[in-house]
file work23.txt (compact mmCIF, C-alpha atoms)
# COMPACT_ATOMS: atom_id res chain seq x y z
CA MET A 1 164.04 89.71 148.49
CA LEU A 2 167.28 90.63 146.74
CA PHE A 3 167.39 87.18 145.10
CA PHE A 4 163.80 87.58 143.90
CA CYS A 5 164.59 90.97 142.34
CA PHE A 6 167.67 89.52 140.65
CA PHE A 7 165.69 86.51 139.41
CA SER A 8 162.98 88.83 137.98
CA PHE A 9 165.68 90.93 136.29
CA VAL A 10 167.30 87.85 134.72
CA SER A 11 163.87 86.59 133.60
CA VAL A 12 163.07 89.89 131.87
CA ILE A 13 166.46 89.97 130.16
CA SER A 14 166.04 86.36 129.04
CA LYS A 15 162.65 87.09 127.51
CA ARG A 16 163.99 90.13 125.69
CA ILE A 17 166.90 88.10 124.26
CA GLN A 18 164.47 85.42 123.07
CA GLN A 19 162.25 88.06 121.48
CA ARG A 20 165.23 89.67 119.77
CA MET A 21 166.50 86.31 118.49
CA SER A 22 163.03 85.45 117.20
CA GLN A 23 162.72 88.82 115.49
CA ASN A 24 166.15 88.43 113.88
CA ALA A 25 165.04 85.07 112.47
CA TYR A 26 162.03 86.73 110.85
CA ILE A 27 164.21 89.50 109.41
CA LYS A 28 166.59 86.95 107.88
CA GLU A 29 163.68 85.17 106.20
CA ILE A 30 162.24 88.48 104.96
CA VAL A 31 165.59 89.37 103.34
CA LYS A 32 165.93 85.86 101.87
CA TYR A 33 162.45 85.73 100.32
CA GLY A 34 162.70 89.36 99.20
CA LEU A 35 165.90 88.68 97.27
CA GLU A 36 164.40 85.49 95.83
CA ASN A 37 161.31 87.48 94.81
CA ASP A 38 159.11 84.89 96.54
CA GLN A 39 156.18 87.15 97.40
CA GLU A 40 153.94 84.44 98.85
CA ARG A 41 156.49 83.40 101.48
CA LEU A 42 157.57 87.01 102.03
CA LEU A 43 154.00 88.06 102.90
CA SER A 44 153.61 85.01 105.17
CA VAL A 45 156.75 85.89 107.16
CA LEU A 46 155.79 89.57 107.36
CA ASN A 47 152.41 88.64 108.85
CA GLN A 48 154.16 86.33 111.32
CA LEU A 49 156.46 89.20 112.35
CA ILE A 50 153.46 91.48 112.84
CA GLU A 51 151.78 88.92 115.07
CA HIS A 52 155.04 88.29 116.96
CA SER A 53 155.41 92.05 117.57
CA ARG A 54 151.87 92.26 118.91
CA LYS A 55 152.49 89.39 121.35
CA SER A 56 155.78 91.06 122.37
CA LYS A 57 153.85 94.23 123.28
CA ARG A 58 155.51 96.18 120.46
CA ILE A 59 152.10 97.41 119.33
CA ASN A 60 153.19 100.59 117.55
CA PHE A 61 155.81 98.69 115.52
CA ALA A 62 153.21 96.08 114.60
CA LEU A 63 150.71 98.74 113.49
CA GLN A 64 153.31 100.62 111.47
CA LEU A 65 154.52 97.40 109.80
CA GLN A 66 150.93 96.41 109.02
CA SER A 67 150.30 99.83 107.48
CA ILE A 68 153.48 99.60 105.35
CA LEU A 69 152.41 96.15 104.17
CA LYS A 70 148.94 97.35 103.16
CA GLU A 71 150.37 100.42 101.41
CA GLY A 72 152.87 98.22 99.54
CA LEU A 73 150.18 95.84 98.32
CA LYS A 74 148.01 98.73 97.24
CA HIS A 75 150.94 100.31 95.41
CA GLN A 76 151.43 97.06 93.49
CA GLU A 77 147.80 97.22 92.40
CA THR A 78 148.05 100.81 91.19
CA LYS A 79 151.54 101.02 89.63
CA GLY A 80 151.87 101.23 85.90
CA LEU A 81 149.66 102.86 83.26
CA ALA A 82 145.93 102.90 83.87
CA ARG A 83 142.93 103.63 81.73
CA VAL A 84 140.65 106.49 82.82
CA GLY A 85 137.90 104.99 84.93
CA SER A 86 139.80 101.76 85.64
CA ARG A 87 140.20 100.39 89.18
CA LYS A 88 143.88 101.38 89.17
CA PHE A 89 143.02 104.95 88.21
CA LEU A 90 140.34 105.23 90.88
CA LEU A 91 142.67 103.87 93.57
CA LYS A 92 145.30 106.40 92.59
CA GLN A 93 142.76 109.20 92.81
CA GLU A 94 141.72 108.04 96.29
CA GLU A 95 145.34 107.99 97.46
CA LYS A 96 145.83 111.52 96.09
CA ILE A 97 142.82 112.81 98.02
CA ILE A 98 144.03 111.17 101.23
CA ASP A 99 147.56 112.55 100.84
CA GLU A 100 146.18 116.07 100.36
CA LEU A 101 143.67 116.09 103.21
CA VAL A 102 145.15 113.90 105.95
CA ILE A 103 147.40 116.00 108.18
CA ASP A 104 148.99 112.96 109.78
CA LYS A 105 148.65 109.20 110.10
CA LEU A 106 150.08 107.96 113.35
CA THR A 107 150.16 105.58 116.26
CA SER A 108 150.29 106.80 119.85
CA ASP A 109 152.05 105.79 123.07
CA TYR A 110 149.78 107.97 125.23
CA THR A 111 147.59 106.34 127.87
CA LEU A 112 144.96 107.56 130.32
CA GLN A 113 147.79 108.29 132.78
CA ASN A 114 148.88 111.11 130.45
CA LEU A 115 145.45 112.75 130.56
CA ILE A 116 144.57 115.14 133.37
CA CYS A 117 140.86 115.92 133.55
CA LYS A 118 137.81 115.45 135.74
CA ASN A 119 137.31 111.93 137.11
CA SER A 120 133.89 111.77 135.46
CA ILE A 121 135.48 112.34 132.04
CA LYS A 122 138.10 109.66 132.67
CA ASP A 123 135.40 107.20 133.78
CA GLU A 124 133.50 107.72 130.52
CA LEU A 125 136.64 107.22 128.44
CA GLU A 126 137.58 104.09 130.38
CA PHE A 127 134.14 102.61 129.70
CA PHE A 128 134.38 103.47 125.98
CA ILE A 129 137.81 101.81 125.79
CA LYS A 130 136.51 98.77 127.66
CA GLU A 131 133.69 98.42 125.11
CA HIS A 132 136.21 98.08 122.29
CA HIS A 133 138.45 95.71 124.21
CA SER A 134 135.34 93.56 124.74
CA ILE A 135 133.85 94.09 121.30
CA ASN A 136 133.56 90.36 120.50
CA VAL A 137 131.63 89.73 123.73
CA LEU A 138 129.20 92.55 122.93
CA LYS A 139 128.72 91.21 119.40
CA GLU A 140 127.79 87.78 120.78
CA PHE A 141 124.92 89.42 122.66
CA MET A 142 124.08 91.55 119.58
CA LEU A 143 124.71 94.75 121.56
CA PRO A 144 125.77 97.97 119.79
CA VAL A 145 129.32 99.23 120.31
CA SER A 146 129.89 102.95 120.80
CA ASN A 147 132.30 104.28 118.19
CA LYS A 148 131.64 108.02 117.83
CA VAL A 149 133.02 110.54 120.34
CA LEU A 150 132.78 114.34 120.39
CA PHE A 151 135.17 116.42 122.51
CA TYR A 152 134.16 120.04 122.96
CA GLY A 153 135.55 122.93 124.95
CA PRO A 154 137.82 125.99 124.69
CA SER A 155 141.11 125.98 122.84
CA GLY A 156 143.88 124.31 124.85
CA CYS A 157 141.58 122.18 127.02
CA GLY A 158 143.12 118.87 125.91
CA LYS A 159 140.86 117.70 123.06
CA THR A 160 143.72 116.66 120.79
CA LEU A 161 145.62 114.97 123.62
CA ALA A 162 142.45 113.05 124.55
CA SER A 163 142.25 111.71 120.99
CA TYR A 164 145.90 110.58 121.16
CA VAL A 165 145.13 108.83 124.44
CA MET A 166 142.24 106.97 122.79
CA ALA A 167 144.50 105.88 119.93
CA GLY A 168 147.14 104.68 122.39
CA GLU A 169 144.75 102.81 124.66
CA LEU A 170 142.96 101.14 121.74
CA GLU A 171 146.21 100.42 119.86
CA LYS A 172 144.79 101.75 116.60
CA MET A 173 146.21 103.81 113.76
CA MET A 174 144.75 107.33 113.66
CA TYR A 175 144.07 109.59 110.67
CA VAL A 176 144.28 113.24 111.75
CA ILE A 177 142.09 115.43 109.54
CA ASN A 178 141.55 119.17 109.70
CA LEU A 179 137.93 119.34 108.62
CA GLY A 180 138.24 123.09 108.08
CA ALA A 181 140.81 122.47 105.32
CA VAL A 182 138.68 119.73 103.75
CA VAL A 183 135.59 121.94 103.64
CA SER A 184 137.23 125.18 102.56
CA SER A 185 139.45 123.68 99.84
CA LYS A 186 136.72 122.74 97.34
CA LEU A 187 133.21 122.85 98.74
CA GLY A 188 131.76 121.03 95.75
CA GLU A 189 134.02 118.02 96.37
CA THR A 190 133.71 117.91 100.17
CA SER A 191 131.24 115.00 100.26
CA LYS A 192 133.42 112.87 97.98
CA ASN A 193 136.60 113.72 99.88
CA ILE A 194 135.13 112.87 103.28
CA SER A 195 133.69 109.61 101.93
CA THR A 196 137.11 108.62 100.56
CA ILE A 197 138.79 109.19 103.92
CA PHE A 198 136.12 107.23 105.79
CA LYS A 199 136.42 104.34 103.33
CA LYS A 200 140.20 104.23 103.75
CA ALA A 201 140.05 104.27 107.56
CA ALA A 202 137.29 101.65 107.64
CA THR A 203 139.38 99.14 105.69
CA GLU A 204 142.10 99.45 108.36
CA GLU A 205 139.74 99.62 111.38
CA SER A 206 141.43 102.89 112.27
CA ILE A 207 140.46 106.05 114.14
CA ILE A 208 139.37 109.15 112.22
CA PHE A 209 140.11 112.34 114.16
CA LEU A 210 138.11 115.27 112.75
CA ASP A 211 139.45 118.56 114.10
CA GLU A 212 137.46 121.80 113.71
CA PHE A 213 134.24 119.82 113.37
CA ASP A 214 132.29 123.09 113.66
CA SER A 215 133.57 124.03 110.16
CA LEU A 216 130.45 122.36 108.77
CA GLY A 217 128.32 124.99 110.46
CA LYS A 218 130.59 127.89 109.61
CA ILE A 219 129.88 127.44 105.90
CA ARG A 220 126.58 129.25 106.48
CA ASP A 221 128.55 132.38 107.38
CA TYR A 222 130.37 132.37 104.03
CA ASN A 223 127.14 132.75 102.02
CA GLN A 224 127.94 129.52 100.18
CA ASP A 225 125.53 127.16 98.46
CA HIS A 226 123.19 125.94 101.21
CA GLY A 227 122.15 123.02 99.01
CA GLU A 228 125.75 121.81 98.90
CA MET A 229 126.05 122.29 102.66
CA LYS A 230 122.99 120.09 103.16
CA ARG A 231 124.53 117.40 100.93
CA VAL A 232 127.74 117.45 102.99
CA VAL A 233 125.83 117.04 106.26
CA ASN A 234 123.72 114.24 104.78
CA THR A 235 126.87 112.47 103.57
CA ILE A 236 128.40 112.56 107.04
CA LEU A 237 125.15 111.37 108.60
CA GLN A 238 125.13 108.37 106.26
CA LEU A 239 128.82 107.65 106.92
CA PHE A 240 128.15 107.75 110.66
CA ASP A 241 125.15 105.45 110.35
CA TYR A 242 127.01 102.79 108.36
CA LEU A 243 130.37 103.11 110.12
CA PRO A 244 131.81 99.67 110.99
CA GLN A 245 131.87 99.16 114.75
CA GLU A 246 135.63 98.56 114.75
CA THR A 247 136.25 101.98 113.16
CA ILE A 248 136.08 105.00 115.46
CA VAL A 249 135.34 108.66 114.77
CA ILE A 250 136.58 111.30 117.20
CA ALA A 251 135.54 114.88 116.53
CA ALA A 252 136.71 118.05 118.27
CA THR A 253 135.22 121.53 118.35
CA ASN A 254 135.54 124.83 120.17
CA GLN A 255 132.02 125.87 119.15
CA LEU A 256 129.40 123.26 119.92
CA GLY A 257 126.54 125.59 118.95
CA MET A 258 127.70 125.68 115.32
CA ILE A 259 127.16 121.96 114.75
CA ASP A 260 123.99 120.61 113.13
CA GLU A 261 121.65 119.00 115.69
CA ALA A 262 121.25 115.86 113.58
CA LEU A 263 125.04 115.39 113.64
CA LEU A 264 125.20 115.91 117.39
CA ARG A 265 122.62 113.18 117.97
CA ARG A 266 124.81 110.65 116.11
CA PHE A 267 127.60 110.81 118.69
CA ASP A 268 127.52 108.05 121.28
CA LEU A 269 129.61 110.11 123.69
CA LYS A 270 129.78 113.89 124.02
CA LEU A 271 132.37 115.11 126.55
CA GLN A 272 133.05 118.67 127.61
CA LEU A 273 136.71 119.34 128.40
CA ASP A 274 137.63 122.45 130.37
CA LEU A 275 140.74 124.48 131.07
CA PRO A 276 142.60 123.14 134.11
CA ASN A 277 141.70 124.33 137.60
CA LYS A 278 144.36 124.82 140.28
CA THR A 279 144.28 121.18 141.39
CA GLU A 280 144.68 119.95 137.80
CA ILE A 281 147.51 122.43 137.17
CA ARG A 282 149.33 121.02 140.20
CA GLU A 283 148.78 117.47 138.88
CA LEU A 284 150.14 118.51 135.47
CA VAL A 285 153.28 119.96 137.06
CA LYS A 286 153.85 116.66 138.91
CA LEU A 287 153.30 114.71 135.69
CA ILE A 288 155.80 116.85 133.75
CA LEU A 289 158.47 116.50 136.46
CA LYS A 290 157.83 112.79 137.06
CA ASP A 291 160.82 110.54 136.31
CA THR A 292 163.05 113.57 135.65
CA PRO A 293 165.96 115.02 137.66
CA PHE A 294 164.01 118.26 138.12
CA LYS A 295 162.15 119.13 141.31
CA ILE A 296 160.35 121.99 143.08
CA SER A 297 160.88 122.39 146.82
CA ASP A 298 159.42 125.84 147.47
CA ARG A 299 155.73 124.93 147.90
CA LYS A 300 154.72 128.47 148.84
CA GLN A 301 156.05 130.00 145.62
CA LEU A 302 154.65 127.08 143.61
CA THR A 303 151.19 127.85 145.02
CA LYS A 304 151.63 131.48 143.96
CA ILE A 305 152.62 130.40 140.44
CA ILE A 306 149.65 128.03 140.18
CA GLY A 307 147.44 131.00 141.03
CA LEU A 308 148.99 132.93 138.12
CA LEU A 309 148.34 129.96 135.82
CA ASP A 310 144.67 129.65 136.78
CA GLY A 311 142.57 130.13 133.61
CA GLN A 312 145.41 129.23 131.24
CA SER A 313 145.54 126.17 128.98
CA TYR A 314 147.32 122.86 129.59
CA TYR A 315 149.65 123.75 126.73
CA PHE A 316 150.55 127.10 128.28
CA VAL A 317 151.37 125.47 131.64
CA GLN A 318 153.57 122.87 129.97
CA LYS A 319 155.29 125.33 127.64
CA THR A 320 156.23 127.83 130.37
CA LEU A 321 157.44 125.13 132.79
CA ILE A 322 159.61 123.45 130.15
CA ASN A 323 161.09 126.83 129.15
CA ALA A 324 161.80 127.55 132.83
CA ILE A 325 163.60 124.20 133.12
CA LYS A 326 165.72 125.00 130.05
CA ARG A 327 166.74 128.38 131.47
CA THR A 328 167.49 126.78 134.83
CA ILE A 329 169.91 124.40 133.10
CA PHE A 330 171.59 127.24 131.18
CA ASN A 331 172.13 129.15 134.46
CA LEU A 332 173.86 126.23 136.20
CA GLU A 333 177.27 127.07 134.71
CA LYS A 334 178.12 123.47 133.83
CA GLN A 335 177.29 122.08 137.27
CA ILE A 336 176.52 118.37 137.24
CA ASN A 337 173.90 117.42 139.83
CA ILE A 338 171.72 114.40 140.48
CA GLU A 339 168.76 116.73 140.95
CA PHE A 340 168.01 120.19 139.61
CA GLU A 341 165.87 122.71 141.45
CA VAL A 342 163.58 124.49 138.96
CA ASP A 343 164.14 128.25 139.14
CA LEU A 344 160.65 129.40 140.10
CA ASP A 345 161.51 133.10 139.68
CA VAL A 346 162.32 132.39 136.03
CA TRP A 347 159.07 130.45 135.60
CA GLU A 348 157.03 133.20 137.27
CA ASN A 349 158.54 135.88 135.00
CA LEU A 350 157.84 133.72 131.92
CA ILE A 351 154.19 133.38 132.92
CA LYS A 352 153.75 137.10 133.54
CA SER A 353 155.38 138.03 130.24
CA THR A 354 153.63 135.53 127.98
CA ARG A 355 150.20 134.62 129.39
CA GLY A 356 147.21 135.49 127.23
call {"tool": "encode", "arguments": {"input": "work23.txt", "output": "structure tokens"}}
result
Amino acid sequence: MLFFCFFSFVSVISKRIQQRMSQNAYIKEIVKYGLENDQERLLSVLNQLIEHSRKSKRINFALQLQSILKEGLKHQETKGLARVGSRKFLLKQEEKIIDELVIDKLTSDYTLQNLICKNSIKDELEFFIKEHHSINVLKEFMLPVSNKVLFYGPSGCGKTLASYVMAGELEKMMYVINLGAVVSSKLGETSKNISTIFKKAATEESIIFLDEFDSLGKIRDYNQDHGEMKRVVNTILQLFDYLPQETIVIAATNQLGMIDEALLRRFDLKLQLDLPNKTEIRELVKLILKDTPFKISDRKQLTKIIGLLDGQSYYFVQKTLINAIKRTIFNLEKQINIEFEVDLDVWENLIKSTRG
């Protein structure tokens, strides 16, 4: 058994050395062709490195490198002077809109193991993910692929985390967009701005995460132009209808009743996320402490604390526990231990003083 473990260890190390050596070879060629200004060979080697990174399970690095490559090529197309109305000018305008309205563009390491929710919710997400992992099979049978998801529920119920989990499981780049900012900035340009973002994400087969999706309905409360509001909704309906199957839209809202019924019908999957119950709070505590030197031995006091946390958000549970761990460390007076017992009195006082 010991020999087998050692053999497995040596095998893993050997593979990693080979991967590193292979990656170094690519980097040397990239530097060489870059200095020689040989763009054709440079692009060829970069694409080989991206594919090598994917096969080496370095998905985030591959996605980031691919994004840098695409941005670089686009920059080459748009640099220099441009006539008004030219393709270069229009591309620059699109990039400006995206820079202003996209909060973040990211990859994610989160998986379904990081998401604590009802089993029924997890089952639905697993099926959605499986559809996209089997997208070529479904296309062969001419079957539609679900690519629009709506998460709804109170603030702090895990909607944003769920979107990060989807991005991680599907190994896709994600554009994070605050729809409230897009709508409220310049109502007259909302349709154009949203179309630009969708077009950009579609070319990269990315995920579009639309936070505050109910902002579309809130416009009615501002006594704005209802004709413009109708145009915005119609634009999104058309974008949804012609969205490439490889591109995914995830929307999140705290107020489901504010969203237009026609928009709601376009979503393939509508999932209600709730604040954690006592069982889920206990699972979250275990997840936070997993693979750390911190532990909780007093089960009776932990049960009392979980009762105090009932009705609070996932974020609140995590924030107060992490702060309790920090204060526990500060109170140790430079003791070095293999394990640290979380000071539950500190955690309990934090909850009582800060819960909403």
call {"tool": "closest_residue", "arguments": {"input": "work23.txt", "among": "A:Gln48, A:Thr160, A:Thr190, A:Asn60", "to": "Ala251 of chain A", "atoms": "all atoms listed in the file"}}
result
A:Thr160
call {"tool": "residues_around", "arguments": {"input": "work23.txt", "residues": "Leu161 of chain A", "least_positions_apart": "6", "cutoff": "12 Å", "atoms": "only C-alpha atoms", "output": "ChimeraX atom specification"}}
result
/A:108-117,151,155,167-168,209,211,250,252,273,314-315
call {"tool": "write_last_selection", "arguments": {"input": "work23.txt", "atoms": "C-alpha atoms", "output": "PDB file, in the frame of the given file"}}
result
ATOM      1  CA  SER A 108     150.290 106.800 119.850  1.00  0.00           C
ATOM      2  CA  ASP A 109     152.050 105.790 123.070  1.00  0.00           C
ATOM      3  CA  TYR A 110     149.780 107.970 125.230  1.00  0.00           C
ATOM      4  CA  THR A 111     147.590 106.340 127.870  1.00  0.00           C
ATOM      5  CA  LEU A 112     144.960 107.560 130.320  1.00  0.00           C
ATOM      6  CA  GLN A 113     147.790 108.290 132.780  1.00  0.00           C
ATOM      7  CA  ASN A 114     148.880 111.110 130.450  1.00  0.00           C
ATOM      8  CA  LEU A 115     145.450 112.750 130.560  1.00  0.00           C
ATOM      9  CA  ILE A 116     144.570 115.140 133.370  1.00  0.00           C
ATOM     10  CA  CYS A 117     140.860 115.920 133.550  1.00  0.00           C
ATOM     11  CA  PHE A 151     135.170 116.420 122.510  1.00  0.00           C
ATOM     12  CA  SER A 155     141.110 125.980 122.840  1.00  0.00           C
ATOM     13  CA  ALA A 167     144.500 105.880 119.930  1.00  0.00           C
ATOM     14  CA  GLY A 168     147.140 104.680 122.390  1.00  0.00           C
ATOM     15  CA  PHE A 209     140.110 112.340 114.160  1.00  0.00           C
ATOM     16  CA  ASP A 211     139.450 118.560 114.100  1.00  0.00           C
ATOM     17  CA  ILE A 250     136.580 111.300 117.200  1.00  0.00           C
ATOM     18  CA  ALA A 252     136.710 118.050 118.270  1.00  0.00           C
ATOM     19  CA  LEU A 273     136.710 119.340 128.400  1.00  0.00           C
ATOM     20  CA  TYR A 314     147.320 122.860 129.590  1.00  0.00           C
ATOM     21  CA  TYR A 315     149.650 123.750 126.730  1.00  0.00           C
TER      22      TYR A 315
END
call {"tool": "residues_around", "arguments": {"input": "work23.txt", "residues": "segment 274-277 of chain A", "least_positions_apart": "5", "cutoff": "7 Å", "atoms": "only C-alpha atoms", "output": "PyMOL selection string"}}
result
chain A and resi 153-154+156-157+310-314
call {"tool": "closest_residue", "arguments": {"input": "work23.txt", "among": "A:Ile194, A:Ile288, A:Val149, A:Leu143", "to": "Arg266 of chain A", "atoms": "all atoms listed in the file"}}
result
A:Val149
call {"tool": "closest_residue", "arguments": {"input": "work23.txt", "among": "A:Ile351, A:Ile177, A:Leu106, A:Leu43", "to": "Ile306 of chain A", "atoms": "all atoms listed in the file"}}
result
A:Ile351
call {"tool": "atom_distance", "arguments": {"input": "work23.txt", "atom1": "atom CA of Gln272 of chain A", "atom2": "atom CA of Ile121 of chain A"}}
result
8.1 Å
call {"tool": "atom_distance", "arguments": {"input": "work23.txt", "atom1": "atom CA of Val45 of chain A", "atom2": "atom CA of Tyr33 of chain A"}}
result
8.9 Å
call {"tool": "residues_around", "arguments": {"input": "work23.txt", "residues": "Phe213 of chain A", "least_positions_apart": "2", "cutoff": "8 Å", "atoms": "only C-alpha atoms", "output": "compact mmCIF listing (two decimals) with C-alpha atoms, keeping the file's coordinate frame"}}
result
# COMPACT_ATOMS: atom_id res chain seq x y z
CA LEU A 179 137.93 119.34 108.62
CA GLY A 180 138.24 123.09 108.08
CA LEU A 210 138.11 115.27 112.75
CA ASP A 211 139.45 118.56 114.10
CA SER A 215 133.57 124.03 110.16
CA LEU A 216 130.45 122.36 108.77
CA ALA A 251 135.54 114.88 116.53
CA ALA A 252 136.71 118.05 118.27
CA THR A 253 135.22 121.53 118.35
CA ILE A 259 127.16 121.96 114.75
call {"tool": "residues_around", "arguments": {"input": "work23.txt", "residues": "Val31 of chain A", "least_positions_apart": "4", "cutoff": "12 Å", "atoms": "only C-alpha atoms", "output": "ChimeraX atom specification"}}
result
/A:24-27,35-39,41-43,45-46
call {"tool": "atom_distance", "arguments": {"input": "work23.txt", "atom1": "atom CA of Val165 of chain A", "atom2": "atom CA of Lys278 of chain A"}}
result
22.5 Å
call {"tool": "residues_around", "arguments": {"input": "work23.txt", "residues": "Tyr242 of chain A", "least_positions_apart": "5", "cutoff": "12 Å", "atoms": "only C-alpha atoms", "output": "VMD selection string"}}
result
chain A and resid 147 to 148 195 198 to 199 202 235 to 237 247 to 248 266
call {"tool": "write_last_selection", "arguments": {"input": "work23.txt", "atoms": "C-alpha atoms", "output": "mmCIF file, in the frame of the given file"}}
result
data_model
loop_
_atom_site.group_PDB
_atom_site.id
_atom_site.type_symbol
_atom_site.label_atom_id
_atom_site.label_comp_id
_atom_site.auth_asym_id
_atom_site.auth_seq_id
_atom_site.Cartn_x
_atom_site.Cartn_y
_atom_site.Cartn_z
ATOM 1 C CA ASN A 147 132.300 104.280 118.190
ATOM 2 C CA LYS A 148 131.640 108.020 117.830
ATOM 3 C CA SER A 195 133.690 109.610 101.930
ATOM 4 C CA PHE A 198 136.120 107.230 105.790
ATOM 5 C CA LYS A 199 136.420 104.340 103.330
ATOM 6 C CA ALA A 202 137.290 101.650 107.640
ATOM 7 C CA THR A 235 126.870 112.470 103.570
ATOM 8 C CA ILE A 236 128.400 112.560 107.040
ATOM 9 C CA LEU A 237 125.150 111.370 108.600
ATOM 10 C CA THR A 247 136.250 101.980 113.160
ATOM 11 C CA ILE A 248 136.080 105.000 115.460
ATOM 12 C CA ARG A 266 124.810 110.650 116.110
#
call {"tool": "closest_residue", "arguments": {"input": "work23.txt", "among": "A:Glu212, A:Asp241, A:Glu246, A:Glu51", "to": "Ile129 of chain A", "atoms": "all atoms listed in the file"}}
result
A:Glu246
call {"tool": "closest_residue", "arguments": {"input": "work23.txt", "among": "A:Leu284, A:Leu289, A:Leu332, A:Leu65", "to": "Leu309 of chain A", "atoms": "only C-alpha atoms"}}
result
A:Leu284
call {"tool": "closest_residue", "arguments": {"input": "work23.txt", "among": "A:Gln318, A:Ser44, A:Gln245, A:Ser53", "to": "Gln23 of chain A", "atoms": "all atoms listed in the file"}}
result
A:Ser53
call {"tool": "decode", "arguments": {"input": "work23.txt", "residues": "segment 103-108 of chain A", "atoms": "all heavy atoms", "output": "short mmCIF file (atom, residue, chain, number, x, y, z; two decimals), in the first residue's frame"}}
result
data_model
loop_
_atom_site.label_atom_id
_atom_site.label_comp_id
_atom_site.auth_asym_id
_atom_site.auth_seq_id
_atom_site.Cartn_x
_atom_site.Cartn_y
_atom_site.Cartn_z
N ILE A 103 -19.18 45.27 -14.99
CA ILE A 103 -18.56 45.40 -13.67
C ILE A 103 -17.28 44.57 -13.61
O ILE A 103 -16.26 45.01 -13.10
CB ILE A 103 -19.52 44.95 -12.56
CG1 ILE A 103 -20.76 45.85 -12.53
CG2 ILE A 103 -18.84 44.95 -11.20
CD1 ILE A 103 -21.81 45.38 -11.56
N ASP A 104 -17.34 43.38 -14.14
CA ASP A 104 -16.18 42.49 -14.09
C ASP A 104 -16.27 41.47 -15.21
O ASP A 104 -17.35 41.15 -15.70
CB ASP A 104 -16.13 41.76 -12.74
CG ASP A 104 -14.73 41.37 -12.33
OD1 ASP A 104 -13.81 41.48 -13.19
OD2 ASP A 104 -14.53 40.98 -11.18
N LYS A 105 -15.11 40.97 -15.61
CA LYS A 105 -15.02 39.88 -16.58
C LYS A 105 -14.07 38.87 -15.95
O LYS A 105 -12.91 39.18 -15.67
CB LYS A 105 -14.46 40.39 -17.91
CG LYS A 105 -14.33 39.33 -18.99
CD LYS A 105 -13.70 39.90 -20.24
CE LYS A 105 -13.50 38.81 -21.29
NZ LYS A 105 -12.81 39.31 -22.49
N LEU A 106 -14.57 37.67 -15.68
CA LEU A 106 -13.80 36.77 -14.84
C LEU A 106 -13.99 35.31 -15.20
O LEU A 106 -14.91 34.94 -15.93
CB LEU A 106 -14.19 36.99 -13.37
CG LEU A 106 -15.69 36.96 -13.03
CD1 LEU A 106 -16.17 35.55 -12.79
CD2 LEU A 106 -16.00 37.82 -11.83
N THR A 107 -13.08 34.50 -14.66
CA THR A 107 -13.27 33.05 -14.65
C THR A 107 -13.48 32.65 -13.20
O THR A 107 -13.22 33.44 -12.29
CB THR A 107 -12.03 32.33 -15.22
OG1 THR A 107 -10.89 32.69 -14.45
CG2 THR A 107 -11.82 32.68 -16.67
N SER A 108 -13.94 31.44 -12.97
CA SER A 108 -14.27 31.03 -11.61
C SER A 108 -13.73 29.64 -11.31
O SER A 108 -13.71 28.77 -12.18
CB SER A 108 -15.80 31.04 -11.43
OG SER A 108 -16.17 30.44 -10.21
#
